[in-house]
Amino acid sequence: MSFDPQIKPGDVVNNAYIRKIFKCSLYGGMNRSLITNTLVIITHVNKSVYSDRWIGNTFHYTGMGLKGDQRLDYSQNKTLAESNENRVEIHLFEVYEEKEYTYVGRMILTGKPYSERQLDEEDTDRQVWVFPLTVAEGKVLVVDEEKYKSALVKQQWEVKKLSLEELKKRAGKSHKVPGYRMVRVKQYDRDPNIVELAKRYANGICQLCKSKAPFMDKSKEYFLETHHIIWLSKGGEDSIENTVALCPNCHRKMHIVDDIKDIENLTAFAKNMVSADNRFAPYWTDERIKAVKEKAKEAQKTAPKLTNAEKEHMLKKMMSADAGIKKVKYVLGGYRC
Ligand SMILES: [Zn+2]
Ligand SMILES: [Zn+2]
């Protein structure tokens, strides 16, 4: 290897860095530099219009040419197709966030370029060339799940702009066999005692919508999922005060919407369940639920008008270890059941 990009896989650089080090322009997917004898490939993970994909350790890269049939003997397609003979070094960058280039590494063409049918930028069916590339050093970049997922969310937002006709056309061009790649996941440990205790407190009733669990599992137990009111990933505690049991619908809602009102209600429930006078409360009976709902309504009327930012700030404080019930009462306007 003769060229040193002075960065390692996983490093994030801007386009000025790439231009300066590789001495190439940065106008398209493939950027050749005659000075450094490199070919810089850029792939946009955050956009859905490109059909580049990882299948395990191999990156399948769609060649140059945005409209009409692509040709293998055209421009950088030719450079890439002949890269094992012409000794041009290939370096790959992935874009997860606009203007940020994550370095994947030096790549080698490890399979014969093959053609497939794809849609061009005007949604016209055409032939493209796909280049199977693998990382030269053998170690595939493993990105954080969060970074990867947020790029997938952006892809999903992109296709929202499409008409139904366009969507149907593109869906018809699906690869059928899905691409896949390894991502790095941070797995938080959860105390099984807290999980079980939260479920027993809930006693088969979702603590957000107050409905019965939608079904029983195979061991004939009402199915609820435990949820950390302040997420562990946001620094929440793995404590019973921060854990509730929810039906799958409400659980998804908390992860997608995470509404401040719901957070307040759940916090009140969780605190209530562990407060000394209610610790041995047997079940959430219908009367009890009704009473709680009424109290909550009442409390909302007299609750001090706080901005969302203030509420969030208070909730954060409330969740900290030294926070007392006084603060809970303040935020929730005296709501305690
Ligand atoms: Zn629910
Ligand atoms: Zn959850």
# chains A, B, ... in the order shown; residues from 1 in each chain; ligands from 1
call {"tool": "residues_around", "arguments": {"residues": "Tyr96 (chain A)", "least_positions_apart": "3", "cutoff": "6 Å", "atoms": "only C-alpha atoms", "output": "PyMOL selection string"}}
result
chain A and resi 45-46+151
call {"tool": "residues_near_ligand", "arguments": {"ligand": "ligand 1", "cutoff": "10 Å", "atoms": "only C-alpha atoms and all ligand atoms", "output": "list in words"}}
result
Ile205, Cys206, Gln207, Leu208, Cys209, Lys210, Ser211, Lys212, Ala213, Pro214, Leu224, Glu225, Ala245, Leu246, Cys247, Pro248, Asn249, Cys250, His251, Arg252, Lys253 and Met254 of chain A
call {"tool": "select_by_dssp", "arguments": {"residues": "region 221-284 of chain A", "states": "strand (DSSP E)", "output": "compact mmCIF listing (two decimals) with C-alpha atoms, in the first residue's frame"}}
result
# COMPACT_ATOMS: atom_id res chain seq x y z
CA GLU A 225 -43.41 -4.97 28.61
CA THR A 226 -41.31 -3.07 31.10
CA HIS A 227 -40.21 0.42 30.19
CA HIS A 228 -37.82 2.89 31.78
CA THR A 243 -39.78 1.40 35.67
CA VAL A 244 -43.33 0.72 34.56
CA ALA A 245 -45.12 -2.10 32.75
CA LEU A 246 -46.91 -1.18 29.53
call {"tool": "residues_around", "arguments": {"residues": "Arg190 (chain A)", "least_positions_apart": "2", "cutoff": "7 Å", "atoms": "only C-alpha atoms", "output": "PDB file with C-alpha atoms, in the first residue's frame"}}
result
ATOM      1  CA  TYR A 188     -27.903  -2.179  28.944  1.00  0.00           C
ATOM      2  CA  PRO A 192     -34.557  -8.912  36.558  1.00  0.00           C
ATOM      3  CA  ASP A 238     -32.556   1.094  36.522  1.00  0.00           C
TER       4      ASP A 238
END
call {"tool": "residues_around", "arguments": {"residues": "Asn37 (chain A)", "least_positions_apart": "2", "cutoff": "7 Å", "atoms": "only C-alpha atoms", "output": "PyMOL selection string"}}
result
chain A and resi 33-35+88-89
call {"tool": "write_last_selection", "arguments": {"atoms": "N, CA and C atoms", "output": "mmCIF file, in the first residue's frame"}}
result
data_model
loop_
_atom_site.group_PDB
_atom_site.id
_atom_site.type_symbol
_atom_site.label_atom_id
_atom_site.label_comp_id
_atom_site.auth_asym_id
_atom_site.auth_seq_id
_atom_site.Cartn_x
_atom_site.Cartn_y
_atom_site.Cartn_z
ATOM 1 N N SER A 33 -8.225 10.693 -8.454
ATOM 2 C CA SER A 33 -7.119 11.635 -8.342
ATOM 3 C C SER A 33 -5.916 11.042 -9.051
ATOM 4 N N LEU A 34 -5.435 11.768 -10.056
ATOM 5 C CA LEU A 34 -4.251 11.288 -10.782
ATOM 6 C C LEU A 34 -3.003 11.544 -9.953
ATOM 7 N N ILE A 35 -3.058 12.546 -9.073
ATOM 8 C CA ILE A 35 -1.880 12.883 -8.263
ATOM 9 C C ILE A 35 -1.588 11.797 -7.231
ATOM 10 N N VAL A 88 -4.890 1.462 -9.176
ATOM 11 C CA VAL A 88 -5.509 2.646 -8.547
ATOM 12 C C VAL A 88 -6.111 2.190 -7.215
ATOM 13 N N GLU A 89 -5.802 2.930 -6.142
ATOM 14 C CA GLU A 89 -6.318 2.535 -4.827
ATOM 15 C C GLU A 89 -7.731 3.063 -4.618
#
call {"tool": "closest_residue", "arguments": {"among": "A:His60, A:Lys311, A:Lys112, A:Arg200", "to": "Thr134 (chain A)", "atoms": "only C-alpha atoms"}}
result
A:His60
